[in-house]
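The structure under discussion appears below in the form of structure tokens.
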Amino acid sequence: MNWETRVTELLQIKYPIIQGGLAYLAYADLASAVSNAGGLGQITAMSLPSDDALLQEIKRARTLTNKPFGVNFAIGMHGIDYKERVKIVIDEQVSVVTITGGDPTTILQMLQPTNVKSMVLVSSRRQAQKAEQLGASAVIVVGHEGGGHLGRDDVGTMVLVPQVVDAVKIPVIASGGIGDGRGWMAAYALGAEGIEMGTRFIATQECVDASASYKEAIIKSSEVDTSVIKRSIHSPARVLRSDYTDNILAIEKASPTYEDLKNYISGEANKRWIHEGKAEAGFGWAGQVIGMINDIPTVADLVERMVKEAEQVRGKWRA
């Protein structure tokens, strides 16, 4: 079947499937595997300890794939000057940059005179329109089902995506609650021209930095086993529910301040579970799509399966 859309044309990929930025997890092994499977893998820039570490991760990815891959900048969650890292991406001629968690203006201005494509994660129609005005090549629309940081309006993917499609002219990529070929085709029906998946790619063999206990929790949990934390500080984010995250919610109810929360919601707390497997001492991001995840395949097998599922849906449409 022909899987070409404006997204595959823009990114020069076979399938319009994009791997999410995945803080502390999206490095060369996973990114290259997704790109080799026909999608677009990404390296997370702001989780790396230094500018040079980003450069080395980009170089390492190029030893593992000759396909396009991207670099994600989660600019709202780190006290790091990201401009030097953007310059590295430009100098290395990385195919695409995605921007999440903050004002994309500066990065989009830096990319404007280059050939690097840009995609901005948005959670509202207004944000999508602003990204288009600033020169973004495409927008990634995340609904309330998604894992990690979300919009403040609690709008689901099914409602949000078509609104954004109607509001902008640039390609729209759907994210949130998508984990198989059925979700891919549903995104097409809503007017999107591609999909982004985060949680589904954590539960793969090539996501080597994710601990076994984190992956096991993803495949054993249901769609009701997530919580949204950090609402009290106006930065809602979806996590796997646990005693640890229940405690965060209790703190938010009793004393909703960043100072009281910061040690519990830090990157170090995140890494204690996702890297070290200490569920009792940290937290892990996850979307409601965990209810659809029950195995840990290779990325290649996952994408192949999704293509077959999508073809089956397309076949029913033709009938």
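Chain lettering (A, B, ...) mirrors the order of the structure tokens, residue numbering begins at 1 for each chain separately, and ligand numbering begins at 1 in order of display.
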
ask   = Near Pro68 (chain A), counting only C-alpha atoms, which residues have an atom at most 8 Å away, once you skip same-chain residues fewer than 2 positions from it, shown as JSON, numbers by chain?
value = {"A": [11, 12, 13, 35, 40, 41, 66, 70, 94, 95]}

Could those residues be written to a file, using all heavy atoms, as a tab-separated table (two decimals), in the first residue's frame?
chain	number	residue	atom	x	y	z
A	11	LEU	N	9.65	14.45	5.94
A	11	LEU	CA	10.70	13.83	6.75
A	11	LEU	C	11.52	12.79	5.99
A	11	LEU	O	12.50	12.28	6.52
A	11	LEU	CB	10.08	13.18	7.99
A	11	LEU	CG	9.24	14.11	8.87
A	11	LEU	CD1	8.63	13.33	10.02
A	11	LEU	CD2	10.08	15.27	9.38
A	12	GLN	N	11.08	12.47	4.75
A	12	GLN	CA	11.77	11.48	3.93
A	12	GLN	C	11.84	10.12	4.62
A	12	GLN	O	12.89	9.49	4.74
A	12	GLN	CB	13.17	11.97	3.56
A	12	GLN	CG	13.18	13.18	2.64
A	12	GLN	CD	12.54	12.90	1.28
A	12	GLN	OE1	13.08	12.15	0.47
A	12	GLN	NE2	11.38	13.49	1.03
A	13	ILE	N	10.67	9.67	5.09
A	13	ILE	CA	10.55	8.38	5.76
A	13	ILE	C	9.51	7.52	5.06
A	13	ILE	O	8.69	8.03	4.29
A	13	ILE	CB	10.20	8.55	7.26
A	13	ILE	CG1	8.91	9.37	7.43
A	13	ILE	CG2	11.37	9.20	8.00
A	13	ILE	CD1	8.48	9.56	8.87
A	35	SER	N	14.00	4.50	13.09
A	35	SER	CA	14.31	4.97	11.74
A	35	SER	C	14.56	3.81	10.79
A	35	SER	O	14.09	3.83	9.64
A	35	SER	CB	15.51	5.91	11.78
A	35	SER	OG	15.19	7.12	12.45
A	40	LEU	N	10.40	7.65	12.08
A	40	LEU	CA	11.37	8.66	12.47
A	40	LEU	C	11.70	8.50	13.95
A	40	LEU	O	10.86	8.75	14.81
A	40	LEU	CB	10.84	10.08	12.22
A	40	LEU	CG	11.89	11.16	12.54
A	40	LEU	CD1	12.81	11.39	11.34
A	40	LEU	CD2	11.23	12.47	12.97
A	41	GLY	N	12.92	8.06	14.23
A	41	GLY	CA	13.39	7.99	15.60
A	41	GLY	C	13.90	9.34	16.06
A	41	GLY	O	14.23	10.21	15.25
A	66	ASN	N	21.37	4.76	8.52
A	66	ASN	CA	21.62	5.77	7.47
A	66	ASN	C	20.32	6.46	7.09
A	66	ASN	O	20.25	7.15	6.07
A	66	ASN	CB	22.27	5.13	6.24
A	66	ASN	CG	21.42	4.02	5.62
A	66	ASN	OD1	20.30	3.76	6.08
A	66	ASN	ND2	21.94	3.38	4.59
A	70	GLY	N	15.56	12.45	14.23
A	70	GLY	CA	15.37	13.79	14.76
A	70	GLY	C	15.98	13.96	16.13
A	70	GLY	O	16.45	13.01	16.75
A	94	VAL	N	21.20	17.44	11.21
A	94	VAL	CA	20.15	16.50	11.60
A	94	VAL	C	18.88	16.84	10.82
A	94	VAL	O	18.61	18.02	10.54
A	94	VAL	CB	19.92	16.57	13.12
A	94	VAL	CG1	18.71	15.74	13.53
A	94	VAL	CG2	21.17	16.10	13.87
A	95	SER	N	18.10	15.85	10.49
A	95	SER	CA	16.96	16.05	9.59
A	95	SER	C	15.87	16.94	10.17
A	95	SER	O	15.29	17.77	9.47
A	95	SER	CB	16.35	14.69	9.22
A	95	SER	OG	17.28	13.91	8.52

task = Step one, run DSSP on the backbone; step two, keep only residues of region 140-196 of chain A assigned to strand (DSSP E); then write them as a PyMOL selection string.
result = chain A and resi 140-142+148-149+172-175+195-196

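Residues in contact range of region 167-170 of chain A, defined as at most 9 Å between only C-alpha atoms, with sequence neighbours fewer than 6 positions away removed, read Arg6, Arg125, Arg126, Ala128, Gln129, Glu132, Ala136, Ser137, Ala138 and Val139 of chain A.
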
query = Quick one: distance from CA of Asn270 (chain A) to CA of Thr63 (chain A) in Å, one decimal?
reply = 29.0 Å

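Near Val239 (chain A), within 8 Å and counting only C-alpha atoms, sit A:Gly147, A:Gly148, A:Thr226, A:Ser227, A:Val228, A:Ile229, A:Thr245, A:Phe283, A:Gly284, A:Trp285, A:Ala286, A:Gly287, not including residues fewer than 3 positions from it in the same chain.
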
Just-selected residues, N, CA, C and O atoms written as an mmCIF file, in the first residue's frame:
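What follows is the written file selection.cif:
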data_model
loop_
_atom_site.group_PDB
_atom_site.id
_atom_site.type_symbol
_atom_site.label_atom_id
_atom_site.label_comp_id
_atom_site.auth_asym_id
_atom_site.auth_seq_id
_atom_site.Cartn_x
_atom_site.Cartn_y
_atom_site.Cartn_z
ATOM 1 N N GLY A 147 0.947 10.197 27.556
ATOM 2 C CA GLY A 147 1.817 10.136 28.722
ATOM 3 C C GLY A 147 2.702 11.369 28.783
ATOM 4 O O GLY A 147 2.877 12.079 27.804
ATOM 5 N N GLY A 148 3.275 11.622 29.949
ATOM 6 C CA GLY A 148 4.120 12.791 30.107
ATOM 7 C C GLY A 148 3.309 14.068 30.171
ATOM 8 O O GLY A 148 2.130 14.062 30.537
ATOM 9 N N THR A 226 -3.299 4.945 35.389
ATOM 10 C CA THR A 226 -2.450 6.138 35.307
ATOM 11 C C THR A 226 -3.059 7.241 36.168
ATOM 12 O O THR A 226 -4.240 7.197 36.526
ATOM 13 N N SER A 227 -2.235 8.226 36.492
ATOM 14 C CA SER A 227 -2.685 9.411 37.221
ATOM 15 C C SER A 227 -2.090 10.641 36.553
ATOM 16 O O SER A 227 -1.049 10.556 35.885
ATOM 17 N N VAL A 228 -2.730 11.766 36.751
ATOM 18 C CA VAL A 228 -2.190 13.033 36.273
ATOM 19 C C VAL A 228 -1.678 13.822 37.482
ATOM 20 O O VAL A 228 -2.452 14.184 38.370
ATOM 21 N N ILE A 229 -0.379 14.041 37.517
ATOM 22 C CA ILE A 229 0.251 14.787 38.600
ATOM 23 C C ILE A 229 0.583 16.211 38.125
ATOM 24 O O ILE A 229 0.456 16.524 36.951
ATOM 25 N N THR A 245 3.269 7.883 43.292
ATOM 26 C CA THR A 245 2.521 8.972 42.666
ATOM 27 C C THR A 245 1.279 9.338 43.478
ATOM 28 O O THR A 245 0.848 10.490 43.460
ATOM 29 N N PHE A 283 9.031 7.673 39.805
ATOM 30 C CA PHE A 283 7.838 7.580 38.963
ATOM 31 C C PHE A 283 8.234 7.369 37.511
ATOM 32 O O PHE A 283 9.385 7.594 37.120
ATOM 33 N N GLY A 284 7.254 6.946 36.714
ATOM 34 C CA GLY A 284 7.484 6.752 35.284
ATOM 35 C C GLY A 284 6.324 7.298 34.484
ATOM 36 O O GLY A 284 5.160 7.099 34.837
ATOM 37 N N TRP A 285 6.629 8.009 33.399
ATOM 38 C CA TRP A 285 5.593 8.535 32.526
ATOM 39 C C TRP A 285 4.918 7.391 31.781
ATOM 40 O O TRP A 285 5.560 6.420 31.403
ATOM 41 N N ALA A 286 3.627 7.543 31.515
ATOM 42 C CA ALA A 286 2.902 6.563 30.695
ATOM 43 C C ALA A 286 1.543 7.121 30.321
ATOM 44 O O ALA A 286 0.904 7.821 31.119
ATOM 45 N N GLY A 287 1.089 6.795 29.114
ATOM 46 C CA GLY A 287 -0.223 7.203 28.662
ATOM 47 C C GLY A 287 -1.252 6.111 28.884
ATOM 48 O O GLY A 287 -0.924 4.972 29.237
#
